[in-house]
Structures are given as C-alpha cells and as structure tokens.
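For reference, coords24.pdb is printed below; it contains PDB, N, CA and C atoms.
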ATOM      1  N   MET A   1     -10.694   5.273  23.740
ATOM      2  CA  MET A   1     -10.672   3.895  24.196
ATOM      3  C   MET A   1     -11.573   3.790  25.432
ATOM      4  N   PRO A   2     -12.361   2.725  25.507
ATOM      5  CA  PRO A   2     -13.212   2.557  26.688
ATOM      6  C   PRO A   2     -12.390   2.371  27.963
ATOM      7  N   ARG A   3     -12.952   2.764  29.074
ATOM      8  CA  ARG A   3     -12.281   2.555  30.364
ATOM      9  C   ARG A   3     -12.063   1.055  30.562
ATOM     10  N   GLY A   4     -10.862   0.673  30.894
ATOM     11  CA  GLY A   4     -10.552  -0.740  31.080
ATOM     12  C   GLY A   4     -10.165  -1.458  29.801
ATOM     13  N   GLY A   5     -10.143  -0.726  28.704
ATOM     14  CA  GLY A   5      -9.708  -1.339  27.448
ATOM     15  C   GLY A   5     -10.853  -1.899  26.624
ATOM     16  N   TRP A   6     -10.525  -2.860  25.790
ATOM     17  CA  TRP A   6     -11.448  -3.399  24.787
ATOM     18  C   TRP A   6     -12.117  -4.686  25.227
ATOM     19  N   GLY A   7     -11.978  -5.043  26.504
ATOM     20  CA  GLY A   7     -12.556  -6.292  26.984
ATOM     21  C   GLY A   7     -11.612  -7.451  26.707
ATOM     22  N   LYS A   8     -12.138  -8.658  26.810
ATOM     23  CA  LYS A   8     -11.330  -9.849  26.589
ATOM     24  C   LYS A   8     -11.986 -10.686  25.499
ATOM     25  N   GLY A   9     -11.186 -11.103  24.523
ATOM     26  CA  GLY A   9     -11.702 -11.953  23.456
ATOM     27  C   GLY A   9     -11.184 -11.509  22.103
ATOM     28  N   TRP A  10     -11.820 -11.993  21.058
ATOM     29  CA  TRP A  10     -11.392 -11.705  19.690
ATOM     30  C   TRP A  10     -11.947 -10.373  19.230
ATOM     31  N   ARG A  11     -11.062  -9.569  18.641
ATOM     32  CA  ARG A  11     -11.431  -8.251  18.122
ATOM     33  C   ARG A  11     -10.821  -8.086  16.733
ATOM     34  N   VAL A  12     -11.380  -7.168  15.977
ATOM     35  CA  VAL A  12     -10.802  -6.790  14.693
ATOM     36  C   VAL A  12     -10.095  -5.459  14.905
ATOM     37  N   LEU A  13      -8.787  -5.454  14.678
ATOM     38  CA  LEU A  13      -8.006  -4.222  14.755
ATOM     39  C   LEU A  13      -8.087  -3.560  13.384
ATOM     40  N   VAL A  14      -8.464  -2.304  13.360
ATOM     41  CA  VAL A  14      -8.601  -1.567  12.108
ATOM     42  C   VAL A  14      -7.471  -0.545  12.045
ATOM     43  N   PHE A  15      -6.613  -0.701  11.036
ATOM     44  CA  PHE A  15      -5.480   0.195  10.829
ATOM     45  C   PHE A  15      -5.710   1.055   9.593
ATOM     46  N   ARG A  16      -5.105   2.230   9.598
ATOM     47  CA  ARG A  16      -5.096   3.126   8.429
ATOM     48  C   ARG A  16      -3.659   3.192   7.940
ATOM     49  N   TYR A  17      -3.485   3.042   6.623
ATOM     50  CA  TYR A  17      -2.148   3.153   6.048
ATOM     51  C   TYR A  17      -1.712   4.610   6.015
ATOM     52  N   ALA A  18      -0.437   4.854   6.297
ATOM     53  CA  ALA A  18       0.093   6.223   6.275
ATOM     54  C   ALA A  18       0.139   6.778   4.857
ATOM     55  N   HIS A  19       0.473   5.944   3.883
ATOM     56  CA  HIS A  19       0.630   6.416   2.503
ATOM     57  C   HIS A  19      -0.702   6.498   1.746
ATOM     58  N   LYS A  20      -1.732   5.849   2.266
ATOM     59  CA  LYS A  20      -3.064   5.888   1.652
ATOM     60  C   LYS A  20      -4.082   5.969   2.784
ATOM     61  N   PRO A  21      -4.325   7.167   3.332
ATOM     62  CA  PRO A  21      -5.146   7.314   4.537
ATOM     63  C   PRO A  21      -6.559   6.744   4.457
ATOM     64  N   ARG A  22      -7.114   6.627   3.260
ATOM     65  CA  ARG A  22      -8.476   6.090   3.159
ATOM     66  C   ARG A  22      -8.512   4.572   3.091
ATOM     67  N   ARG A  23      -7.347   3.971   2.942
ATOM     68  CA  ARG A  23      -7.260   2.522   2.839
ATOM     69  C   ARG A  23      -7.083   1.914   4.227
ATOM     70  N   GLN A  24      -7.818   0.843   4.500
ATOM     71  CA  GLN A  24      -7.761   0.214   5.811
ATOM     72  C   GLN A  24      -7.223  -1.204   5.723
ATOM     73  N   LEU A  25      -6.678  -1.650   6.844
ATOM     74  CA  LEU A  25      -6.202  -3.009   7.010
ATOM     75  C   LEU A  25      -6.907  -3.566   8.236
ATOM     76  N   HIS A  26      -7.595  -4.695   8.088
ATOM     77  CA  HIS A  26      -8.325  -5.322   9.185
ATOM     78  C   HIS A  26      -7.609  -6.602   9.608
ATOM     79  N   VAL A  27      -7.395  -6.747  10.922
ATOM     80  CA  VAL A  27      -6.637  -7.874  11.454
ATOM     81  C   VAL A  27      -7.373  -8.466  12.654
ATOM     82  N   LEU A  28      -7.640  -9.770  12.619
ATOM     83  CA  LEU A  28      -8.248 -10.470  13.739
ATOM     84  C   LEU A  28      -7.182 -10.721  14.797
ATOM     85  N   ALA A  29      -7.480 -10.375  16.053
ATOM     86  CA  ALA A  29      -6.486 -10.535  17.118
ATOM     87  C   ALA A  29      -7.165 -10.807  18.457
ATOM     88  N   PRO A  30      -6.521 -11.620  19.319
ATOM     89  CA  PRO A  30      -7.030 -11.815  20.674
ATOM     90  C   PRO A  30      -6.591 -10.638  21.552
ATOM     91  N   VAL A  31      -7.533 -10.068  22.262
ATOM     92  CA  VAL A  31      -7.281  -8.869  23.059
ATOM     93  C   VAL A  31      -7.660  -9.128  24.519
ATOM     94  N   ASP A  32      -6.910  -8.514  25.411
ATOM     95  CA  ASP A  32      -7.213  -8.544  26.836
ATOM     96  C   ASP A  32      -6.994  -7.134  27.369
ATOM     97  N   GLY A  33      -8.083  -6.402  27.540
ATOM     98  CA  GLY A  33      -7.983  -5.021  28.008
ATOM     99  C   GLY A  33      -7.451  -4.113  26.921
ATOM    100  N   ASP A  34      -6.293  -3.493  27.177
ATOM    101  CA  ASP A  34      -5.723  -2.562  26.207
ATOM    102  C   ASP A  34      -4.468  -3.125  25.531
ATOM    103  N   GLU A  35      -4.322  -4.461  25.549
ATOM    104  CA  GLU A  35      -3.195  -5.077  24.861
ATOM    105  C   GLU A  35      -3.602  -6.442  24.313
ATOM    106  N   PHE A  36      -2.686  -7.089  23.629
ATOM    107  CA  PHE A  36      -2.969  -8.420  23.103
ATOM    108  C   PHE A  36      -3.100  -9.414  24.248
ATOM    109  N   ASP A  37      -3.891 -10.459  24.028
ATOM    110  CA  ASP A  37      -3.916 -11.598  24.944
ATOM    111  C   ASP A  37      -2.767 -12.486  24.485
ATOM    112  N   TRP A  38      -1.612 -12.303  25.103
ATOM    113  CA  TRP A  38      -0.374 -12.935  24.642
ATOM    114  C   TRP A  38      -0.429 -14.448  24.700
ATOM    115  N   GLU A  39      -1.110 -15.021  25.680
ATOM    116  CA  GLU A  39      -1.200 -16.483  25.778
ATOM    117  C   GLU A  39      -1.970 -17.058  24.593
ATOM    118  N   VAL A  40      -3.093 -16.461  24.251
ATOM    119  CA  VAL A  40      -3.891 -16.921  23.116
ATOM    120  C   VAL A  40      -3.154 -16.653  21.809
ATOM    121  N   LEU A  41      -2.582 -15.471  21.669
ATOM    122  CA  LEU A  41      -1.861 -15.130  20.448
ATOM    123  C   LEU A  41      -0.705 -16.093  20.208
ATOM    124  N   ARG A  42       0.031 -16.407  21.249
ATOM    125  CA  ARG A  42       1.178 -17.318  21.133
ATOM    126  C   ARG A  42       0.749 -18.677  20.560
ATOM    127  N   LEU A  43      -0.376 -19.206  21.019
ATOM    128  CA  LEU A  43      -0.869 -20.490  20.511
ATOM    129  C   LEU A  43      -1.143 -20.434  19.009
ATOM    130  N   HIS A  44      -1.765 -19.356  18.560
ATOM    131  CA  HIS A  44      -2.188 -19.265  17.163
ATOM    132  C   HIS A  44      -1.041 -18.946  16.210
ATOM    133  N   VAL A  45      -0.082 -18.140  16.625
ATOM    134  CA  VAL A  45       1.040 -17.875  15.724
ATOM    135  C   VAL A  45       1.980 -19.084  15.663
ATOM    136  N   ARG A  46       1.813 -20.017  16.572
ATOM    137  CA  ARG A  46       2.617 -21.252  16.546
ATOM    138  C   ARG A  46       1.889 -22.404  15.867
ATOM    139  N   GLY A  47       0.724 -22.140  15.268
ATOM    140  CA  GLY A  47       0.085 -23.184  14.478
ATOM    141  C   GLY A  47      -1.321 -23.582  14.867
ATOM    142  N   GLU A  48      -1.809 -23.178  16.025
ATOM    143  CA  GLU A  48      -3.197 -23.472  16.404
ATOM    144  C   GLU A  48      -4.112 -22.790  15.381
ATOM    145  N   PRO A  49      -5.143 -23.485  14.882
ATOM    146  CA  PRO A  49      -6.024 -22.848  13.886
ATOM    147  C   PRO A  49      -6.698 -21.587  14.433
ATOM    148  N   TRP A  50      -6.790 -20.574  13.583
ATOM    149  CA  TRP A  50      -7.465 -19.333  13.949
ATOM    150  C   TRP A  50      -8.969 -19.562  13.912
ATOM    151  N   PRO A  51      -9.740 -18.836  14.708
ATOM    152  CA  PRO A  51     -11.197 -18.993  14.660
ATOM    153  C   PRO A  51     -11.740 -18.573  13.287
ATOM    154  N   ARG A  52     -12.835 -19.169  12.903
ATOM    155  CA  ARG A  52     -13.476 -18.796  11.646
ATOM    156  C   ARG A  52     -14.068 -17.405  11.809
ATOM    157  N   HIS A  53     -13.775 -16.564  10.829
ATOM    158  CA  HIS A  53     -14.195 -15.171  10.932
ATOM    159  C   HIS A  53     -14.397 -14.611   9.533
ATOM    160  N   THR A  54     -15.446 -13.843   9.347
ATOM    161  CA  THR A  54     -15.690 -13.190   8.066
ATOM    162  C   THR A  54     -15.361 -11.714   8.219
ATOM    163  N   HIS A  55     -14.379 -11.261   7.444
ATOM    164  CA  HIS A  55     -14.005  -9.847   7.473
ATOM    165  C   HIS A  55     -14.982  -9.024   6.648
ATOM    166  N   GLU A  56     -15.004  -7.751   6.916
ATOM    167  CA  GLU A  56     -15.839  -6.809   6.171
ATOM    168  C   GLU A  56     -15.440  -6.843   4.694
ATOM    169  N   ALA A  57     -16.427  -6.962   3.830
ATOM    170  CA  ALA A  57     -16.169  -7.057   2.391
ATOM    171  C   ALA A  57     -15.439  -5.815   1.890
ATOM    172  N   GLY A  58     -14.499  -6.032   0.978
ATOM    173  CA  GLY A  58     -13.783  -4.930   0.347
ATOM    174  C   GLY A  58     -12.610  -4.385   1.130
ATOM    175  N   GLN A  59     -12.342  -4.917   2.315
ATOM    176  CA  GLN A  59     -11.222  -4.424   3.129
ATOM    177  C   GLN A  59     -10.034  -5.374   3.010
ATOM    178  N   GLN A  60      -8.834  -4.812   2.996
ATOM    179  CA  GLN A  60      -7.643  -5.646   3.008
ATOM    180  C   GLN A  60      -7.512  -6.270   4.387
ATOM    181  N   THR A  61      -7.088  -7.525   4.432
ATOM    182  CA  THR A  61      -6.944  -8.216   5.707
ATOM    183  C   THR A  61      -5.498  -8.649   5.904
ATOM    184  N   GLY A  62      -5.134  -8.796   7.147
ATOM    185  CA  GLY A  62      -3.824  -9.291   7.519
ATOM    186  C   GLY A  62      -3.977 -10.349   8.590
ATOM    187  N   VAL A  63      -2.899 -11.085   8.829
ATOM    188  CA  VAL A  63      -2.891 -12.152   9.821
ATOM    189  C   VAL A  63      -1.782 -11.855  10.819
ATOM    190  N   MET A  64      -2.074 -12.039  12.090
ATOM    191  CA  MET A  64      -1.063 -11.848  13.125
ATOM    192  C   MET A  64       0.004 -12.932  12.989
ATOM    193  N   GLY A  65       1.248 -12.575  13.278
ATOM    194  CA  GLY A  65       2.341 -13.530  13.198
ATOM    195  C   GLY A  65       3.510 -13.108  14.059
ATOM    196  N   ARG A  66       4.585 -13.859  13.941
ATOM    197  CA  ARG A  66       5.829 -13.549  14.644
ATOM    198  C   ARG A  66       6.945 -13.500  13.615
ATOM    199  N   ALA A  67       7.839 -12.553  13.775
ATOM    200  CA  ALA A  67       9.032 -12.442  12.936
ATOM    201  C   ALA A  67      10.199 -12.282  13.899
ATOM    202  N   GLY A  68      10.903 -13.367  14.148
ATOM    203  CA  GLY A  68      11.958 -13.323  15.158
ATOM    204  C   GLY A  68      11.343 -13.120  16.529
ATOM    205  N   HIS A  69      11.731 -12.058  17.200
ATOM    206  CA  HIS A  69      11.187 -11.749  18.526
ATOM    207  C   HIS A  69      10.086 -10.695  18.452
ATOM    208  N   HIS A  70       9.614 -10.392  17.265
ATOM    209  CA  HIS A  70       8.650  -9.318  17.084
ATOM    210  C   HIS A  70       7.284  -9.841  16.668
ATOM    211  N   THR A  71       6.254  -9.195  17.165
ATOM    212  CA  THR A  71       4.902  -9.466  16.706
ATOM    213  C   THR A  71       4.714  -8.686  15.415
ATOM    214  N   CYS A  72       4.011  -9.286  14.467
ATOM    215  CA  CYS A  72       3.838  -8.611  13.188
ATOM    216  C   CYS A  72       2.461  -8.895  12.604
ATOM    217  N   VAL A  73       2.159  -8.182  11.546
ATOM    218  CA  VAL A  73       0.980  -8.425  10.727
ATOM    219  C   VAL A  73       1.506  -8.821   9.356
ATOM    220  N   VAL A  74       0.960  -9.896   8.819
ATOM    221  CA  VAL A  74       1.385 -10.371   7.506
ATOM    222  C   VAL A  74       0.255 -10.102   6.511
ATOM    223  N   THR A  75       0.601  -9.411   5.424
ATOM    224  CA  THR A  75      -0.363  -9.156   4.359
ATOM    225  C   THR A  75       0.190  -9.704   3.049
ATOM    226  N   GLU A  76      -0.698 -10.009   2.119
ATOM    227  CA  GLU A  76      -0.250 -10.488   0.805
ATOM    228  C   GLU A  76       0.576  -9.421   0.097
ATOM    229  N   GLU A  77       0.155  -8.176   0.196
ATOM    230  CA  GLU A  77       0.798  -7.090  -0.537
ATOM    231  C   GLU A  77       2.156  -6.686   0.024
ATOM    232  N   PHE A  78       2.285  -6.650   1.364
ATOM    233  CA  PHE A  78       3.500  -6.112   1.978
ATOM    234  C   PHE A  78       4.305  -7.114   2.799
ATOM    235  N   GLY A  79       3.824  -8.337   2.939
ATOM    236  CA  GLY A  79       4.534  -9.327   3.744
ATOM    237  C   GLY A  79       4.445  -9.004   5.229
ATOM    238  N   ALA A  80       5.450  -9.430   6.006
ATOM    239  CA  ALA A  80       5.454  -9.220   7.459
ATOM    240  C   ALA A  80       5.854  -7.788   7.797
ATOM    241  N   GLN A  81       5.014  -7.131   8.601
ATOM    242  CA  GLN A  81       5.264  -5.762   9.058
ATOM    243  C   GLN A  81       5.208  -5.751  10.586
ATOM    244  N   ARG A  82       6.296  -5.351  11.212
ATOM    245  CA  ARG A  82       6.370  -5.331  12.678
ATOM    246  C   ARG A  82       5.326  -4.414  13.292
ATOM    247  N   LEU A  83       4.889  -4.813  14.494
ATOM    248  CA  LEU A  83       3.989  -3.987  15.291
ATOM    249  C   LEU A  83       4.745  -3.424  16.475
ATOM    250  N   SER A  84       4.301  -2.268  16.957
ATOM    251  CA  SER A  84       4.903  -1.706  18.163
ATOM    252  C   SER A  84       4.510  -2.568  19.359
ATOM    253  N   MET A  85       5.152  -2.365  20.468
ATOM    254  CA  MET A  85       4.869  -3.157  21.665
ATOM    255  C   MET A  85       3.984  -2.404  22.656
ATOM    256  N   GLY A  86       3.430  -1.277  22.249
ATOM    257  CA  GLY A  86       2.623  -0.472  23.156
ATOM    258  C   GLY A  86       1.214  -0.982  23.351
ATOM    259  N   LYS A  87       0.429  -0.191  24.026
ATOM    260  CA  LYS A  87      -0.981  -0.487  24.279
ATOM    261  C   LYS A  87      -1.786  -0.234  23.009
ATOM    262  N   LEU A  88      -2.935  -0.868  22.895
ATOM    263  CA  LEU A  88      -3.803  -0.745  21.722
ATOM    264  C   LEU A  88      -4.620   0.545  21.789
ATOM    265  N   VAL A  89      -3.938   1.664  21.645
ATOM    266  CA  VAL A  89      -4.557   2.989  21.725
ATOM    267  C   VAL A  89      -4.666   3.569  20.309
ATOM    268  N   PRO A  90      -5.898   3.824  19.852
ATOM    269  CA  PRO A  90      -6.056   4.410  18.518
ATOM    270  C   PRO A  90      -5.268   5.711  18.384
ATOM    271  N   GLY A  91      -4.642   5.861  17.224
ATOM    272  CA  GLY A  91      -3.838   7.041  16.953
ATOM    273  C   GLY A  91      -2.408   6.936  17.433
ATOM    274  N   GLU A  92      -2.117   5.981  18.319
ATOM    275  CA  GLU A  92      -0.768   5.813  18.866
ATOM    276  C   GLU A  92      -0.144   4.477  18.482
ATOM    277  N   PHE A  93      -0.916   3.398  18.557
ATOM    278  CA  PHE A  93      -0.397   2.064  18.268
ATOM    279  C   PHE A  93      -0.324   1.862  16.758
ATOM    280  N   GLY A  94       0.723   1.239  16.297
ATOM    281  CA  GLY A  94       0.847   0.991  14.868
ATOM    282  C   GLY A  94       2.066   0.160  14.561
ATOM    283  N   GLY A  95       2.532   0.288  13.345
ATOM    284  CA  GLY A  95       3.697  -0.480  12.959
ATOM    285  C   GLY A  95       4.040  -0.286  11.503
ATOM    286  N   GLY A  96       4.848  -1.213  11.025
ATOM    287  CA  GLY A  96       5.259  -1.201   9.635
ATOM    288  C   GLY A  96       6.750  -1.059   9.492
ATOM    289  N   VAL A  97       7.277  -1.684   8.461
ATOM    290  CA  VAL A  97       8.668  -1.558   8.087
ATOM    291  C   VAL A  97       8.717  -0.979   6.683
ATOM    292  N   ASP A  98       8.063  -1.664   5.762
ATOM    293  CA  ASP A  98       8.006  -1.219   4.373
ATOM    294  C   ASP A  98       6.887  -0.215   4.149
ATOM    295  N   VAL A  99       5.884  -0.259   5.007
ATOM    296  CA  VAL A  99       4.720   0.611   4.901
ATOM    297  C   VAL A  99       4.233   0.892   6.325
ATOM    298  N   GLY A 100       3.882   2.117   6.622
ATOM    299  CA  GLY A 100       3.430   2.465   7.967
ATOM    300  C   GLY A 100       1.924   2.393   8.089
ATOM    301  N   PHE A 101       1.459   1.999   9.269
ATOM    302  CA  PHE A 101       0.026   2.006   9.542
ATOM    303  C   PHE A 101      -0.207   2.295  11.016
ATOM    304  N   VAL A 102      -1.381   2.851  11.312
ATOM    305  CA  VAL A 102      -1.716   3.226  12.677
ATOM    306  C   VAL A 102      -3.122   2.725  13.001
ATOM    307  N   LEU A 103      -3.307   2.300  14.241
ATOM    308  CA  LEU A 103      -4.601   1.794  14.705
ATOM    309  C   LEU A 103      -5.609   2.929  14.757
ATOM    310  N   ILE A 104      -6.786   2.718  14.165
ATOM    311  CA  ILE A 104      -7.838   3.734  14.223
ATOM    312  C   ILE A 104      -9.088   3.246  14.944
ATOM    313  N   ASP A 105      -9.240   1.916  15.101
ATOM    314  CA  ASP A 105     -10.434   1.394  15.765
ATOM    315  C   ASP A 105     -10.197  -0.050  16.182
ATOM    316  N   VAL A 106     -10.947  -0.478  17.204
ATOM    317  CA  VAL A 106     -10.972  -1.868  17.634
ATOM    318  C   VAL A 106     -12.436  -2.255  17.691
ATOM    319  N   ARG A 107     -12.812  -3.296  16.942
ATOM    320  CA  ARG A 107     -14.219  -3.697  16.829
ATOM    321  C   ARG A 107     -14.401  -5.127  17.299
ATOM    322  N   ASP A 108     -15.613  -5.426  17.770
ATOM    323  CA  ASP A 108     -15.935  -6.801  18.110
ATOM    324  C   ASP A 108     -15.848  -7.648  16.858
ATOM    325  N   ALA A 109     -15.371  -8.878  17.004
ATOM    326  CA  ALA A 109     -15.259  -9.798  15.874
ATOM    327  C   ALA A 109     -16.491 -10.709  15.868
ATOM    328  N   ALA A 110     -17.050 -10.892  14.705
ATOM    329  CA  ALA A 110     -18.196 -11.794  14.542
ATOM    330  C   ALA A 110     -17.664 -13.213  14.376
ATOM    331  N   ILE A 111     -17.506 -13.903  15.489
ATOM    332  CA  ILE A 111     -16.957 -15.271  15.446
ATOM    333  C   ILE A 111     -18.046 -16.232  15.820
TER     334      ILE A 111
END

As structure tokens, the full file:
Amino acid sequence: MPRGGWGKGWRVLVFRYAHKPRRQLHVLAPVDGDEFDWEVLRLHVRGEPWPRHTHEAGQQTGVMGRAGHHTCVVTEEFGAQRLSMGKLVPGEFGGGVDVGFVLIDVRDAAI
C-alpha cells in the first residue's frame, strides 16, 4: 500500500474469491487514504446516484451497500456479503458470509 493510503476519490477495489483464486470481483468505492470515505459512501448507499463508470470487461462486479449496521458488497451471484471494518490493506481486508473474498488491489477508477 502506498504511504498515506490510496488518496482521496473513487477507486476500484479488486477482490479475489477464496474458493476460486483466479476469479476477481471489482467494486467501485469512495476512498480516503486507507479506508472508505464514509461521508460519500453514506450518500450513495442511501440512494444518491453512483458515478458513471466502466468496469474492466470480463470481470464480475459488485455494488457497495448497507445491510443493517454493516457495510457490504452486493453481487448478482451471491447477494449481500459483509465487509470487514478494517483498513483497505491488500491481503488483510476482505469479507463474505456465503463466500469469502480478500482485497488484492486498489486501482484508480476511470470516471
């Protein structure tokens, strides 16, 4: 992870599934340093339109959301999967209830 985190703004979080290590999940998220930008995220999970973004072709995508008091990623295949509350550190940050995944990269989003 870069010193000071990933900067501020929209990033694509790239996760690897535990059960299929070569399969990735890409999620657009607002980031501030080494964690989510909670103020921006809160607006969008409550209904503010997400920025227009084109994901990498052929990759599964998810959408950030809330499930009760938990932040989650929602996918068509697995539904809502909780995220940990830690820092966005590759190899450590992840989540899942029905399926596990771990963060492997944070990339600039082409918005």

>> Once the PyMOL selection byres ((chain A and resi 109) around 5) has been evaluated on this model, what residues remain selected, and can you format them as a PyMOL selection string?
In response: chain A and resi 10-12+107-108+110-111

> Can you list what the PyMOL selection byres (((chain A and resi 8 and name CA) around 9) and name CA) grabs from this structure, as JSON, numbers by chain?
Replying inline: {"A": [5, 6, 7, 9, 10, 11, 30, 31, 32, 33, 37]}

Export of prior selection with N, CA and C atoms as a compact mmCIF listing (two decimals), keeping the file's coordinate frame:
# COMPACT_ATOMS: atom_id res chain seq x y z
N GLY A 5 -10.14 -0.73 28.70
CA GLY A 5 -9.71 -1.34 27.45
C GLY A 5 -10.85 -1.90 26.62
N TRP A 6 -10.52 -2.86 25.79
CA TRP A 6 -11.45 -3.40 24.79
C TRP A 6 -12.12 -4.69 25.23
N GLY A 7 -11.98 -5.04 26.50
CA GLY A 7 -12.56 -6.29 26.98
C GLY A 7 -11.61 -7.45 26.71
N GLY A 9 -11.19 -11.10 24.52
CA GLY A 9 -11.70 -11.95 23.46
C GLY A 9 -11.18 -11.51 22.10
N TRP A 10 -11.82 -11.99 21.06
CA TRP A 10 -11.39 -11.70 19.69
C TRP A 10 -11.95 -10.37 19.23
N ARG A 11 -11.06 -9.57 18.64
CA ARG A 11 -11.43 -8.25 18.12
C ARG A 11 -10.82 -8.09 16.73
N PRO A 30 -6.52 -11.62 19.32
CA PRO A 30 -7.03 -11.82 20.67
C PRO A 30 -6.59 -10.64 21.55
N VAL A 31 -7.53 -10.07 22.26
CA VAL A 31 -7.28 -8.87 23.06
C VAL A 31 -7.66 -9.13 24.52
N ASP A 32 -6.91 -8.51 25.41
CA ASP A 32 -7.21 -8.54 26.84
C ASP A 32 -6.99 -7.13 27.37
N GLY A 33 -8.08 -6.40 27.54
CA GLY A 33 -7.98 -5.02 28.01
C GLY A 33 -7.45 -4.11 26.92
N ASP A 37 -3.89 -10.46 24.03
CA ASP A 37 -3.92 -11.60 24.94
C ASP A 37 -2.77 -12.49 24.48

> Can you list, as a PyMOL selection string, every residue of chain A that DSSP puts in strand (DSSP E or B)?
Replying inline: chain A and resi 8-17+24-32+35-36+60-67+70-75+79-83+94-95+101-108

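The shell of residues at most 10 Å from Ala67 (chain A), with only C-alpha atoms counted and near chain neighbours (fewer than 5 positions) removed, consists of A:Cys72, A:Val73, A:Val74, A:Ala80, A:Gln81, A:Arg82.
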
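Going from atom C of Arg52 (chain A) to atom N of Val97 (chain A) covers 26.7 Å.
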
> Of the candidates A:Arg22, A:Arg66, A:Val102, A:Glu56, which one gets nearest to Leu43 (chain A) if we count only C-alpha atoms?
Replying inline: A:Arg66

>> Assuming the chain letters and numbering stay as they are in my file, what does the PyMOL selection byres ((chain A and resi 13-20) around 6.5) actually select? List them as a list of chain:residue names.
In response: A:Arg11, A:Val12, A:Pro21, A:Arg22, A:Arg23, A:Gln24, A:Leu25, A:His26, A:Val27, A:Leu28, A:Ala29, A:Val99, A:Gly100, A:Phe101, A:Val102, A:Leu103, A:Ile104, A:Asp105, A:Val106, A:Arg107

Could you please take those selected residues and save N, CA and C atoms as an mmCIF file, in the frame of the given file?
data_model
loop_
_atom_site.group_PDB
_atom_site.id
_atom_site.type_symbol
_atom_site.label_atom_id
_atom_site.label_comp_id
_atom_site.auth_asym_id
_atom_site.auth_seq_id
_atom_site.Cartn_x
_atom_site.Cartn_y
_atom_site.Cartn_z
ATOM 1 N N ARG A 11 -11.062 -9.569 18.641
ATOM 2 C CA ARG A 11 -11.431 -8.251 18.122
ATOM 3 C C ARG A 11 -10.821 -8.086 16.733
ATOM 4 N N VAL A 12 -11.380 -7.168 15.977
ATOM 5 C CA VAL A 12 -10.802 -6.790 14.693
ATOM 6 C C VAL A 12 -10.095 -5.459 14.905
ATOM 7 N N PRO A 21 -4.325 7.167 3.332
ATOM 8 C CA PRO A 21 -5.146 7.314 4.537
ATOM 9 C C PRO A 21 -6.559 6.744 4.457
ATOM 10 N N ARG A 22 -7.114 6.627 3.260
ATOM 11 C CA ARG A 22 -8.476 6.090 3.159
ATOM 12 C C ARG A 22 -8.512 4.572 3.091
ATOM 13 N N ARG A 23 -7.347 3.971 2.942
ATOM 14 C CA ARG A 23 -7.260 2.522 2.839
ATOM 15 C C ARG A 23 -7.083 1.914 4.227
ATOM 16 N N GLN A 24 -7.818 0.843 4.500
ATOM 17 C CA GLN A 24 -7.761 0.214 5.811
ATOM 18 C C GLN A 24 -7.223 -1.204 5.723
ATOM 19 N N LEU A 25 -6.678 -1.650 6.844
ATOM 20 C CA LEU A 25 -6.202 -3.009 7.010
ATOM 21 C C LEU A 25 -6.907 -3.566 8.236
ATOM 22 N N HIS A 26 -7.595 -4.695 8.088
ATOM 23 C CA HIS A 26 -8.325 -5.322 9.185
ATOM 24 C C HIS A 26 -7.609 -6.602 9.608
ATOM 25 N N VAL A 27 -7.395 -6.747 10.922
ATOM 26 C CA VAL A 27 -6.637 -7.874 11.454
ATOM 27 C C VAL A 27 -7.373 -8.466 12.654
ATOM 28 N N LEU A 28 -7.640 -9.770 12.619
ATOM 29 C CA LEU A 28 -8.248 -10.470 13.739
ATOM 30 C C LEU A 28 -7.182 -10.721 14.797
ATOM 31 N N ALA A 29 -7.480 -10.375 16.053
ATOM 32 C CA ALA A 29 -6.486 -10.535 17.118
ATOM 33 C C ALA A 29 -7.165 -10.807 18.457
ATOM 34 N N VAL A 99 5.884 -0.259 5.007
ATOM 35 C CA VAL A 99 4.720 0.611 4.901
ATOM 36 C C VAL A 99 4.233 0.892 6.325
ATOM 37 N N GLY A 100 3.882 2.117 6.622
ATOM 38 C CA GLY A 100 3.430 2.465 7.967
ATOM 39 C C GLY A 100 1.924 2.393 8.089
ATOM 40 N N PHE A 101 1.459 1.999 9.269
ATOM 41 C CA PHE A 101 0.026 2.006 9.542
ATOM 42 C C PHE A 101 -0.207 2.295 11.016
ATOM 43 N N VAL A 102 -1.381 2.851 11.312
ATOM 44 C CA VAL A 102 -1.716 3.226 12.677
ATOM 45 C C VAL A 102 -3.122 2.725 13.001
ATOM 46 N N LEU A 103 -3.307 2.300 14.241
ATOM 47 C CA LEU A 103 -4.601 1.794 14.705
ATOM 48 C C LEU A 103 -5.609 2.929 14.757
ATOM 49 N N ILE A 104 -6.786 2.718 14.165
ATOM 50 C CA ILE A 104 -7.838 3.734 14.223
ATOM 51 C C ILE A 104 -9.088 3.246 14.944
ATOM 52 N N ASP A 105 -9.240 1.916 15.101
ATOM 53 C CA ASP A 105 -10.434 1.394 15.765
ATOM 54 C C ASP A 105 -10.197 -0.050 16.182
ATOM 55 N N VAL A 106 -10.947 -0.478 17.204
ATOM 56 C CA VAL A 106 -10.972 -1.868 17.634
ATOM 57 C C VAL A 106 -12.436 -2.255 17.691
ATOM 58 N N ARG A 107 -12.812 -3.296 16.942
ATOM 59 C CA ARG A 107 -14.219 -3.697 16.829
ATOM 60 C C ARG A 107 -14.401 -5.127 17.299
#

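You will find atom C of Glu35 (chain A) at 23.4 Å from CA of Phe78 (chain A).
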